[in-house]
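Participant: Sending over entry_0.cif (mmCIF, C-alpha atoms and all ligand atoms).
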data_query
#
loop_
_atom_site.label_atom_id
_atom_site.label_comp_id
_atom_site.auth_asym_id
_atom_site.auth_seq_id
_atom_site.Cartn_x
_atom_site.Cartn_y
_atom_site.Cartn_z
CA MET B 160 -17.73 -0.01 31.81
CA ASP B 161 -16.98 -3.26 30.00
CA GLU B 162 -15.02 -2.87 26.76
CA PRO B 163 -17.49 -0.99 24.54
CA LEU B 164 -15.72 -1.78 21.23
CA VAL B 165 -17.53 -4.37 19.09
CA GLU B 166 -15.98 -7.77 19.45
CA ARG B 167 -14.89 -8.14 15.83
CA MET B 168 -12.67 -5.05 16.14
CA ARG B 169 -11.06 -5.89 19.48
CA PRO B 170 -7.97 -7.49 17.96
CA PHE B 171 -7.17 -4.12 16.34
CA GLY B 172 -5.45 -1.54 18.53
CA GLU B 173 -3.58 1.55 17.42
CA THR B 174 -2.05 0.93 13.96
CA ILE B 175 1.58 -0.08 14.05
CA PHE B 176 2.45 2.90 11.83
CA ALA B 177 0.88 5.42 14.19
CA GLU B 178 2.45 3.70 17.21
CA MET B 179 5.95 3.81 15.75
CA THR B 180 5.62 7.44 14.65
CA ARG B 181 4.46 8.34 18.16
CA LEU B 182 7.46 6.52 19.66
CA ALA B 183 9.77 8.24 17.17
CA VAL B 184 8.45 11.68 18.14
CA GLU B 185 8.67 10.92 21.86
CA THR B 186 12.31 9.83 21.55
CA ASP B 187 13.40 12.29 18.84
CA SER B 188 14.29 9.31 16.67
CA VAL B 189 14.93 9.16 12.95
CA ASN B 190 11.59 7.83 11.74
CA LEU B 191 12.05 5.08 9.17
CA GLY B 192 8.82 3.46 10.38
CA GLN B 193 5.68 4.94 8.86
CA GLY B 194 6.05 5.36 5.10
CA PHE B 195 5.85 9.03 4.23
CA PRO B 196 8.36 11.23 2.39
CA ASP B 197 10.09 14.14 4.09
CA THR B 198 10.08 16.32 0.97
CA ASP B 199 7.13 17.86 -0.87
CA GLY B 200 5.40 16.85 -4.06
CA PRO B 201 5.65 18.85 -7.31
CA ARG B 202 5.32 22.61 -6.88
CA SER B 203 2.72 22.97 -9.64
CA LEU B 204 0.47 20.46 -7.90
CA ILE B 205 0.61 22.27 -4.59
CA ASP B 206 0.16 25.69 -6.18
CA ALA B 207 -2.82 24.43 -8.18
CA ALA B 208 -4.51 23.07 -5.05
CA ALA B 209 -4.01 26.40 -3.25
CA HIS B 210 -5.31 28.22 -6.30
CA HIS B 211 -8.47 26.10 -6.54
CA ILE B 212 -9.23 26.61 -2.85
CA ARG B 213 -8.74 30.38 -3.17
CA ASP B 214 -10.80 30.29 -6.35
CA GLY B 215 -13.84 28.94 -4.52
CA VAL B 216 -13.73 25.20 -5.19
CA ASN B 217 -14.87 24.54 -1.64
CA GLN B 218 -18.23 22.77 -1.82
CA TYR B 219 -19.14 19.13 -2.33
CA PRO B 220 -17.91 17.74 -5.62
CA PRO B 221 -20.19 15.34 -7.54
CA GLY B 222 -20.75 11.99 -5.82
CA LEU B 223 -18.57 10.12 -8.30
CA GLY B 224 -15.75 12.64 -7.97
CA ARG B 225 -14.75 15.56 -10.19
CA PRO B 226 -15.20 14.62 -13.86
CA GLU B 227 -11.80 16.19 -14.67
CA LEU B 228 -10.07 13.69 -12.39
CA ARG B 229 -12.15 10.71 -13.49
CA ARG B 230 -11.30 11.51 -17.11
CA ALA B 231 -7.60 12.01 -16.33
CA VAL B 232 -7.43 8.70 -14.42
CA ALA B 233 -9.21 6.82 -17.23
CA ALA B 234 -6.98 8.36 -19.92
CA ASP B 235 -3.82 7.54 -17.98
CA ARG B 236 -4.89 3.94 -17.41
CA SER B 237 -5.71 3.57 -21.08
CA ARG B 238 -2.43 5.12 -22.25
CA ARG B 239 -0.14 3.15 -19.96
CA PHE B 240 -1.89 -0.20 -19.84
CA GLY B 241 -4.49 -0.31 -22.61
CA LEU B 242 -7.24 -0.66 -20.02
CA ASP B 243 -10.28 1.38 -21.03
CA HIS B 244 -12.75 2.61 -18.43
CA ASP B 245 -15.81 4.77 -18.85
CA PRO B 246 -15.08 7.76 -16.59
CA ASP B 247 -18.79 8.12 -15.79
CA THR B 248 -19.51 4.57 -14.63
CA GLU B 249 -16.21 2.75 -14.17
CA VAL B 250 -14.06 5.24 -12.24
CA TYR B 251 -14.91 6.48 -8.77
CA ILE B 252 -12.96 8.87 -6.52
CA THR B 253 -12.47 8.04 -2.84
CA VAL B 254 -10.79 9.46 0.26
CA GLY B 255 -7.49 7.73 -0.42
CA ALA B 256 -7.05 4.13 -1.44
CA THR B 257 -7.96 3.26 2.15
CA ALA B 258 -11.61 4.25 1.70
CA GLY B 259 -11.81 2.49 -1.67
CA ILE B 260 -10.43 -0.72 -0.16
CA ALA B 261 -12.79 -0.51 2.82
CA ALA B 262 -15.87 0.21 0.72
CA GLY B 263 -14.85 -2.49 -1.77
CA VAL B 264 -14.63 -5.15 0.93
CA LEU B 265 -17.76 -3.94 2.74
CA GLY B 266 -19.71 -3.79 -0.51
CA LEU B 267 -18.67 -7.16 -1.92
CA VAL B 268 -17.95 -9.54 0.98
CA GLU B 269 -20.84 -11.16 2.86
CA PRO B 270 -20.43 -12.29 6.49
CA GLY B 271 -18.71 -15.68 6.43
CA ASP B 272 -17.18 -15.20 2.96
CA GLU B 273 -13.48 -15.92 2.74
CA VAL B 274 -10.98 -13.38 1.49
CA VAL B 275 -7.60 -14.67 0.34
CA LEU B 276 -4.66 -12.28 0.62
CA PHE B 277 -0.89 -12.37 0.80
CA GLU B 278 0.95 -11.89 4.07
CA PRO B 279 2.69 -9.82 5.26
CA MET B 280 -0.52 -7.87 4.62
CA TYR B 281 -1.09 -4.13 4.75
CA ASP B 282 -2.84 -3.50 8.04
CA SER B 283 -6.14 -2.10 6.78
CA TYR B 284 -7.05 -5.31 4.89
CA ALA B 285 -7.45 -7.44 7.99
CA ALA B 286 -9.44 -4.70 9.71
CA VAL B 287 -11.93 -4.16 6.89
CA ILE B 288 -12.39 -7.90 6.37
CA ALA B 289 -13.27 -8.07 10.08
CA MET B 290 -15.69 -5.13 9.70
CA ALA B 291 -17.42 -7.01 6.87
CA GLY B 292 -17.63 -10.19 8.97
CA GLY B 293 -15.44 -11.97 6.41
CA VAL B 294 -12.76 -14.57 7.11
CA ARG B 295 -9.21 -13.89 6.01
CA ARG B 296 -7.14 -16.67 4.45
CA PRO B 297 -3.54 -15.47 4.12
CA VAL B 298 -0.99 -17.04 1.78
CA THR B 299 2.52 -16.39 3.06
CA LEU B 300 5.11 -14.66 0.89
CA ARG B 301 8.60 -16.00 1.54
CA PRO B 302 11.99 -14.84 0.28
CA GLY B 303 13.53 -16.98 -2.46
CA PRO B 304 17.27 -17.51 -2.88
CA ASP B 305 17.52 -14.03 -4.46
CA GLY B 306 15.93 -12.41 -1.40
CA ARG B 307 12.73 -11.55 -3.31
CA PHE B 308 9.47 -12.50 -1.61
CA THR B 309 7.04 -14.65 -3.54
CA PHE B 310 4.31 -17.27 -2.99
CA ASP B 311 4.02 -20.98 -3.60
CA PRO B 312 1.28 -21.50 -6.23
CA ASP B 313 0.16 -24.67 -4.45
CA GLU B 314 -0.39 -22.72 -1.23
CA LEU B 315 -2.53 -20.24 -3.14
CA ARG B 316 -4.54 -23.03 -4.78
CA ALA B 317 -5.05 -24.66 -1.40
CA ALA B 318 -6.30 -21.39 0.14
CA VAL B 319 -8.96 -20.74 -2.51
CA GLY B 320 -12.16 -22.76 -2.45
CA PRO B 321 -15.95 -22.60 -2.69
CA ARG B 322 -16.21 -20.06 0.15
CA THR B 323 -13.69 -17.64 -1.38
CA ARG B 324 -15.33 -14.40 -2.47
CA MET B 325 -12.31 -12.21 -3.08
CA ILE B 326 -8.53 -12.16 -3.47
CA ILE B 327 -6.69 -8.99 -2.50
CA VAL B 328 -3.53 -8.37 -4.53
CA ASN B 329 -1.17 -5.57 -3.54
CA THR B 330 1.47 -4.91 -6.20
CA PRO B 331 4.04 -3.37 -5.79
CA HIS B 332 3.76 -4.99 -2.38
CA ASN B 333 4.07 -3.25 0.97
CA PRO B 334 6.13 -4.23 2.97
CA THR B 335 8.23 -6.68 0.92
CA GLY B 336 8.78 -4.50 -2.16
CA THR B 337 7.86 -7.39 -4.46
CA VAL B 338 6.48 -6.41 -7.85
CA PHE B 339 4.39 -9.37 -8.97
CA THR B 340 5.38 -10.71 -12.38
CA ARG B 341 2.99 -11.51 -15.18
CA ALA B 342 3.62 -15.21 -14.48
CA GLU B 343 2.73 -14.85 -10.79
CA LEU B 344 -0.38 -12.87 -11.66
CA GLY B 345 -1.23 -15.56 -14.22
CA VAL B 346 -1.38 -18.12 -11.43
CA ILE B 347 -3.73 -15.82 -9.51
CA ALA B 348 -5.86 -15.23 -12.62
CA ASP B 349 -6.24 -18.97 -13.25
CA VAL B 350 -7.36 -19.61 -9.68
CA CYS B 351 -9.84 -16.72 -9.87
CA ALA B 352 -11.35 -17.97 -13.10
CA GLU B 353 -11.64 -21.50 -11.75
CA HIS B 354 -13.46 -20.41 -8.59
CA ASP B 355 -15.21 -17.31 -9.95
CA VAL B 356 -13.53 -14.98 -7.46
CA ILE B 357 -13.43 -11.16 -7.42
CA VAL B 358 -10.00 -9.51 -7.28
CA LEU B 359 -9.40 -6.29 -5.41
CA THR B 360 -6.05 -4.74 -6.25
CA ASP B 361 -4.06 -2.19 -4.31
CA GLU B 362 -1.70 -0.45 -6.72
CA VAL B 363 -0.82 2.66 -4.71
CA TYR B 364 2.91 2.14 -5.46
CA GLU B 365 2.29 1.56 -9.18
CA HIS B 366 4.84 4.19 -10.23
CA LEU B 367 7.51 3.24 -7.71
CA THR B 368 9.23 0.24 -9.28
CA PHE B 369 13.00 -0.15 -9.57
CA ASP B 370 15.64 -1.77 -11.78
CA GLY B 371 13.19 -1.77 -14.69
CA ALA B 372 10.66 -3.98 -12.88
CA GLU B 373 7.36 -3.53 -14.69
CA HIS B 374 4.14 -2.84 -12.82
CA VAL B 375 1.51 -5.16 -14.27
CA PRO B 376 -2.05 -4.30 -13.25
CA PRO B 377 -3.79 -7.61 -12.53
CA ALA B 378 -6.78 -6.39 -14.60
CA THR B 379 -4.62 -6.59 -17.75
CA LEU B 380 -4.40 -10.40 -17.59
CA PRO B 381 -6.74 -12.33 -19.87
CA GLY B 382 -10.20 -12.70 -18.33
CA MET B 383 -9.38 -10.47 -15.38
CA ARG B 384 -10.84 -7.10 -16.28
CA GLU B 385 -14.39 -8.27 -15.69
CA ARG B 386 -13.67 -9.50 -12.17
CA THR B 387 -11.18 -6.91 -10.94
CA LEU B 388 -11.62 -3.78 -8.89
CA SER B 389 -8.37 -1.83 -9.29
CA ILE B 390 -7.46 0.77 -6.66
CA SER B 391 -4.77 3.43 -6.61
CA SER B 392 -4.18 6.84 -5.11
CA VAL B 393 -2.18 10.02 -5.26
CA GLY B 394 -0.22 9.89 -2.00
CA LYS B 395 2.82 7.88 -3.10
CA THR B 396 2.85 8.95 -6.74
CA PHE B 397 3.22 12.64 -5.88
CA SER B 398 4.67 12.49 -2.34
CA VAL B 399 1.50 13.95 -0.80
CA THR B 400 0.40 11.23 1.61
CA ALA B 401 -1.86 13.62 3.53
CA TRP B 402 -3.98 14.37 0.48
CA LYS B 403 -5.97 11.15 0.81
CA THR B 404 -7.37 11.07 -2.70
CA GLY B 405 -7.75 7.73 -4.44
CA TRP B 406 -9.67 6.02 -7.21
CA VAL B 407 -11.40 2.75 -7.86
CA MET B 408 -11.62 1.40 -11.41
CA GLY B 409 -13.46 -1.62 -12.75
CA PRO B 410 -16.65 -2.95 -14.29
CA ALA B 411 -19.63 -0.72 -13.54
CA ALA B 412 -21.31 -3.26 -11.23
CA LEU B 413 -18.23 -3.57 -9.00
CA VAL B 414 -17.69 0.19 -8.93
CA ARG B 415 -21.36 0.70 -8.08
CA ALA B 416 -20.97 -1.65 -5.10
CA VAL B 417 -18.10 0.49 -3.80
CA ARG B 418 -20.04 3.66 -4.34
CA THR B 419 -23.16 2.38 -2.61
CA VAL B 420 -21.16 1.79 0.56
CA ASN B 421 -18.79 4.73 0.33
CA GLN B 422 -21.51 7.34 -0.11
CA PHE B 423 -22.41 6.62 3.53
CA LEU B 424 -18.82 6.50 4.78
CA THR B 425 -17.26 9.68 3.41
CA PHE B 426 -19.81 10.72 0.75
CA THR B 427 -17.23 12.60 -1.36
CA ALA B 428 -13.54 13.54 -1.33
CA ASN B 429 -11.85 16.96 -1.48
CA GLY B 430 -12.75 18.66 -4.77
CA ALA B 431 -9.95 21.23 -4.99
CA LEU B 432 -7.32 18.54 -4.60
CA GLN B 433 -9.05 16.44 -7.25
CA LEU B 434 -8.80 19.28 -9.76
CA ALA B 435 -5.10 19.80 -9.01
CA ILE B 436 -4.35 16.09 -9.34
CA ALA B 437 -6.23 15.85 -12.64
CA ASP B 438 -3.70 18.20 -14.25
CA ALA B 439 -0.64 16.76 -12.54
CA ILE B 440 -1.26 13.23 -13.82
CA THR B 441 -0.05 14.28 -17.25
CA ALA B 442 1.81 17.54 -16.51
CA GLU B 443 4.06 16.02 -13.84
CA ALA B 444 4.81 12.63 -15.39
CA ASP B 445 8.51 13.55 -15.60
CA TRP B 446 8.55 14.49 -11.92
CA VAL B 447 7.13 11.07 -11.07
CA ARG B 448 9.82 9.29 -13.11
CA ALA B 449 12.57 11.36 -11.48
CA GLN B 450 11.11 10.57 -8.07
CA ARG B 451 11.13 6.86 -8.86
CA ASP B 452 14.80 7.03 -9.87
CA ALA B 453 15.67 8.98 -6.73
CA LEU B 454 13.89 6.38 -4.61
CA GLN B 455 15.80 3.57 -6.28
CA ALA B 456 19.06 5.25 -5.26
CA LYS B 457 17.71 5.72 -1.73
CA ARG B 458 16.80 2.04 -1.55
CA ASP B 459 20.39 1.19 -2.48
CA ARG B 460 21.78 3.70 0.01
CA LEU B 461 19.72 2.43 2.92
CA ALA B 462 20.15 -1.25 2.03
CA ALA B 463 23.94 -0.86 1.92
CA GLY B 464 23.89 1.01 5.23
CA LEU B 465 21.69 -1.59 6.92
CA ARG B 466 23.97 -4.37 5.66
CA SER B 467 27.02 -2.59 7.02
CA ALA B 468 25.23 -2.21 10.36
CA GLY B 469 24.78 -5.99 10.41
CA PHE B 470 21.27 -6.67 9.06
CA ASP B 471 20.53 -9.11 6.30
CA VAL B 472 18.55 -7.04 3.78
CA GLN B 473 15.96 -8.66 1.48
CA ARG B 474 15.44 -7.63 -2.13
CA SER B 475 12.94 -4.81 -2.73
CA GLN B 476 11.82 -4.03 -6.29
CA GLY B 477 9.47 -1.18 -5.46
CA THR B 478 7.51 0.84 -2.84
CA TYR B 479 9.14 2.86 -0.05
CA PHE B 480 10.40 -0.14 1.90
CA VAL B 481 13.07 -2.76 2.51
CA MET B 482 12.72 -5.71 4.83
CA ALA B 483 15.65 -6.51 7.09
CA ASP B 484 16.36 -9.79 8.85
CA ILE B 485 17.50 -9.08 12.41
CA ARG B 486 18.95 -12.52 13.18
CA PRO B 487 22.54 -11.79 12.09
CA LEU B 488 22.59 -9.17 14.86
CA GLY B 489 21.62 -11.77 17.43
CA PHE B 490 17.93 -10.82 17.75
CA ASP B 491 14.95 -12.99 16.95
CA ASP B 492 11.89 -10.93 17.94
CA GLY B 493 11.16 -8.02 15.62
CA ILE B 494 8.38 -6.58 17.77
CA GLU B 495 10.65 -6.43 20.79
CA LEU B 496 13.47 -4.92 18.76
CA ALA B 497 11.28 -2.33 16.98
CA ARG B 498 9.71 -1.21 20.27
CA ALA B 499 13.20 -0.85 21.82
CA LEU B 500 15.05 0.72 18.86
CA PRO B 501 13.80 4.30 19.30
CA ARG B 502 15.23 4.37 22.83
CA THR B 503 18.32 2.24 22.28
CA ALA B 504 19.36 3.51 18.84
CA GLY B 505 17.25 6.61 18.13
CA VAL B 506 15.73 4.99 15.02
CA ALA B 507 12.13 3.88 14.40
CA ALA B 508 11.16 0.97 12.14
CA VAL B 509 8.11 -1.27 11.77
CA PRO B 510 8.07 -4.90 12.97
CA ALA B 511 6.77 -7.00 10.08
CA GLN B 512 5.34 -9.63 12.42
CA VAL B 513 2.22 -7.56 13.08
CA LEU B 514 1.39 -7.86 9.38
CA TYR B 515 1.30 -11.69 9.52
CA ASP B 516 -1.13 -14.26 10.89
CA ASP B 517 1.71 -16.78 10.76
CA GLN B 518 3.76 -15.12 13.48
CA ASP B 519 6.79 -17.33 12.96
CA ALA B 520 7.09 -16.29 9.32
CA GLY B 521 7.52 -12.62 10.25
CA ARG B 522 9.13 -12.73 13.68
CA HIS B 523 12.66 -11.92 12.50
CA LEU B 524 11.75 -9.19 10.01
CA VAL B 525 11.69 -5.43 10.43
CA ARG B 526 10.63 -2.95 7.75
CA PHE B 527 12.61 0.24 7.09
CA ALA B 528 11.32 3.13 4.94
CA PHE B 529 13.80 4.79 2.57
CA CYS B 530 11.54 7.62 1.30
CA LYS B 531 13.67 10.17 3.20
CA GLN B 532 16.39 12.67 2.44
CA ASP B 533 19.85 11.13 2.06
CA LYS B 534 21.15 12.89 5.15
CA VAL B 535 18.29 11.40 7.16
CA LEU B 536 19.04 7.90 5.87
CA ASP B 537 22.73 8.39 6.66
CA GLU B 538 21.95 9.56 10.17
CA ALA B 539 19.78 6.50 10.76
CA VAL B 540 22.54 4.20 9.51
CA ASP B 541 25.12 5.97 11.72
CA ARG B 542 22.90 5.55 14.74
CA LEU B 543 22.22 1.87 14.02
CA THR B 544 25.89 1.19 13.36
CA ARG B 545 26.83 2.77 16.67
CA ALA B 546 24.07 0.95 18.55
CA PHE B 547 25.10 -2.45 17.22
CA ALA B 548 28.88 -1.95 17.18
CA PRO B 549 30.54 -4.98 18.76
N1 LIG S 1 -2.26 0.50 0.51
C1 LIG S 1 -0.97 0.38 0.81
C2 LIG S 1 -0.25 -0.86 0.44
C3 LIG S 1 -0.32 1.41 1.48
O1 LIG S 1 0.97 1.29 1.80
C4 LIG S 1 -1.03 2.56 1.83
C5 LIG S 1 -0.35 3.62 2.64
N2 LIG S 1 -0.30 4.77 2.11
C6 LIG S 1 -2.38 2.65 1.47
C7 LIG S 1 -2.97 1.60 0.83
C8 LIG S 1 -3.22 3.85 1.79
O2 LIG S 1 -3.26 4.74 0.75
P1 LIG S 1 -4.06 6.13 0.90
O3 LIG S 1 -3.20 7.03 1.71
O4 LIG S 1 -4.26 6.59 -0.48
O5 LIG S 1 -5.34 5.84 1.61
N1 LIG S 2 1.19 3.24 4.12
C1 LIG S 2 2.00 3.71 5.20
C2 LIG S 2 2.98 2.64 5.60
O1 LIG S 2 2.86 1.50 5.22
C3 LIG S 2 1.26 4.07 6.43
C4 LIG S 2 -0.10 4.59 6.33
C5 LIG S 2 -0.72 4.62 7.70
O2 LIG S 2 -0.12 5.10 8.65
N2 LIG S 2 -1.88 4.06 7.81
O3 LIG S 2 3.86 2.96 6.34
#
Could you render the structure as structure tokens?
Ligand code: PMP
Ligand code: GLN
Facilitator:
Amino acid sequence: MDEPLVERMRPFGETIFAEMTRLAVETDSVNLGQGFPDTDGPRSLIDAAAHHIRDGVNQYPPGLGRPELRRAVAADRSRRFGLDHDPDTEVYITVGATAGIAAGVLGLVEPGDEVVLFEPMYDSYAAVIAMAGGVRRPVTLRPGPDGRFTFDPDELRAAVGPRTRMIIVNTPHNPTGTVFTRAELGVIADVCAEHDVIVLTDEVYEHLTFDGAEHVPPATLPGMRERTLSISSVGKTFSVTAWKTGWVMGPAALVRAVRTVNQFLTFTANGALQLAIADAITAEADWVRAQRDALQAKRDRLAAGLRSAGFDVQRSQGTYFVMADIRPLGFDDGIELARALPRTAGVAAVPAQVLYDDQDAGRHLVRFAFCKQDKVLDEAVDRLTRAFAP
């Protein structure tokens, strides 16, 4: 049979994260590729979920999501950022941020519309833009002298025009670890106002910022609330990436667009987990802060180890990830190196190049995840040091 997959999805094979985890398992490698923690979330959260399942919370929750969770999400957003959302019309629960992002793009982007986003770009964005028949217009993030990735405002202005429907903003940013500043978001806000563009944000790492870097939700900038669909989820905040429970927040019309699509994709998300999360958002706030501090120390531990193994390590201000430049070790192709590393060094990482349209911009970069136990990070560094010893 000829290739049965629709043409617009043919450029998308197995995700790079799944591929690298598969390679890691096959080679018994230390897996610093796919971003997931190797320790559990807060005990009370897990016990509550088990309790609710045993207690009979096992049928479809309401279409919008459990009211307890919608109220908890709205209250948290209001308390931390002064952004008020009506839990009945402006908050909607999805199967992870992934489903919210997909339904947001499918519900708001017409075929032929352009979507501006920053590369390296999280892999699902390109795929859902293709599903919608949209056209992606990436703006490349590049490291400044301090090793922090940022964008050139002129490149952003040049990318946005009359065909632009949406800008996707991921902050804190996977894979660079950049936490966009208020000034950077101000540039984005000005461009959006000028061209009347919708913003879809991906804030799944909102709690994981380091060195005092402040997470600024794009919707808090003047004029932005009315045009912004803000998306977050529970996986990273509570170290439960398998729970796949997320939320979309924004003006009722934008949220309704997401809901209209998503009711035919997943219909609803797991109700027992939603109840457990609703309580944890306030009850486990200290756990989240401690986790953030622990991750900051892990970032430092892995970055120092990677430097001693010979990589040039870029500056990460948040997320689970650091980007490493492989050129000081004599390599120049990150895909080749990342595919070989599990066999040659017993370590898995993710080549950043697959997250770029501009292949040259990402060729020499490999992403390492530090959301692992210290002994696991140390083992990875030992293995890399041995593999690259002169
Ligand atoms: N966005 C980014 C930037 C991510 O790194 C991830 C990976 N967890 C997701 C979205 C997906 O989040 P979820 O698991 O809640 O679907
Ligand atoms: N967000 C995770 C990462 O960036 C992966 C999630 C996935 O495998 N799709 O590593």
Participant: As JSON, what would the box around stretch 303-311 of chain B look like: edges along x, y and z, 4 Å added on every side, centre and edge lengths in Å to one decimal?
Facilitator:
{"center_x": 10.8, "center_y": -16.3, "center_z": -2.9, "size_x": 21.5, "size_y": 17.4, "size_z": 11.1}
Participant: So which one's closest to B:Leu359, B:Val535, B:Val481, B:Val506, B:Val328? Using all atoms listed in the file, please.
Facilitator: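 Result for the nearest residue to B:Leu359: B:Val328.
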Participant: Give me, as a VMD selection string, all polymer residues having an atom no more than 9 Å from stretch 276-283 of chain B, counting all atoms listed in the file and skipping those fewer than 3 positions away in the same chain.
Facilitator: chain B and resid 174 to 175 257 260 to 261 286 to 288 295 to 300 310 315 325 to 329 332 to 335 511 to 517 520 to 521
Participant: If I take atom CA of B:Gln218 and atom CA of B:Arg415, how far is one from the other in Å, to one decimal?
Facilitator: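 Spanning atom CA of B:Gln218 to atom CA of B:Arg415 is a straight-line distance of 23.2 Å.
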Participant: Just how far from atom CA of B:Thr323 is atom CA of B:Phe426, in Å to one decimal?
Facilitator: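 Calculated distance between atom CA of B:Phe426 and atom CA of B:Thr323 is 29.1 Å.
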Participant: Can you tell me which residues surround stretch 194-202 of chain B at a distance of at most 12 Å, considering all atoms listed in the file, apart from same-chain residues fewer than 5 positions away, and format the answer as JSON, numbers by chain?
Facilitator: {"B": [175, 176, 177, 179, 180, 189, 207, 208, 209, 281, 333, 334, 364, 393, 394, 395, 396, 397, 398, 399, 400, 401, 402, 435, 436, 438, 439, 440, 442, 443, 444, 445, 446, 447, 448, 449, 450, 453, 454, 457, 478, 479, 480, 481, 507, 508, 509, 526, 527, 528, 529, 530, 531, 532, 533, 534, 535, 536]}
Participant: Given all atoms listed in the file as the basis, pick out the residue of B:Gly493, B:Leu424, B:Ser392, B:Ser467 nearest to ligand LIG 1 (chain S).
Facilitator: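 Under the stated criterion, the closest residue is B:Ser392.
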Participant: Just how far from atom P1 of ligand LIG 1 (chain S) is atom CA of B:Leu367, in Å to one decimal?
Facilitator: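 Atom-to-atom, atom CA of B:Leu367 and atom P1 of ligand LIG 1 (chain S) are spaced 14.7 Å apart.
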Participant: Looking at B:Ala256, B:Ala234, B:Leu164, B:Val294, which one is nearest to ligand LIG 2 (chain S), with distances taken over all atoms listed in the file?
Facilitator: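 Smallest distance to ligand LIG 2 (chain S) is found for B:Ala256.
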Participant: Compare B:Ala437, B:Val375, B:Leu488, B:Ile347 by their minimum atom-to-atom distance to B:Ile252, counting only C-alpha atoms, and give me the closest one.
Facilitator: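 Going through B:Ala437, B:Val375, B:Leu488, B:Ile347 one by one, the smallest distance to B:Ile252 is for B:Ala437.
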Participant: Give the answer as one residue: which of B:Gln193, B:Thr330, B:Thr309, B:Gln455 has the shortest atom-to-atom distance to ligand LIG 2 (chain S), using all atoms listed in the file?
Facilitator: B:Gln193
Participant: Compare B:Ser188, B:Thr387, B:Thr379, B:Thr404 by their minimum atom-to-atom distance to ligand LIG 1 (chain S), counting all atoms listed in the file, and give me the closest one.
Facilitator: B:Thr404
Participant: Quick one: residues within 9 Å of (14.3, 1.6, -12.7) (file frame), counting only C-alpha atoms, please, as an MDAnalysis selection string.
Facilitator: chainID B and resid 367:373 448 451:452 455 476
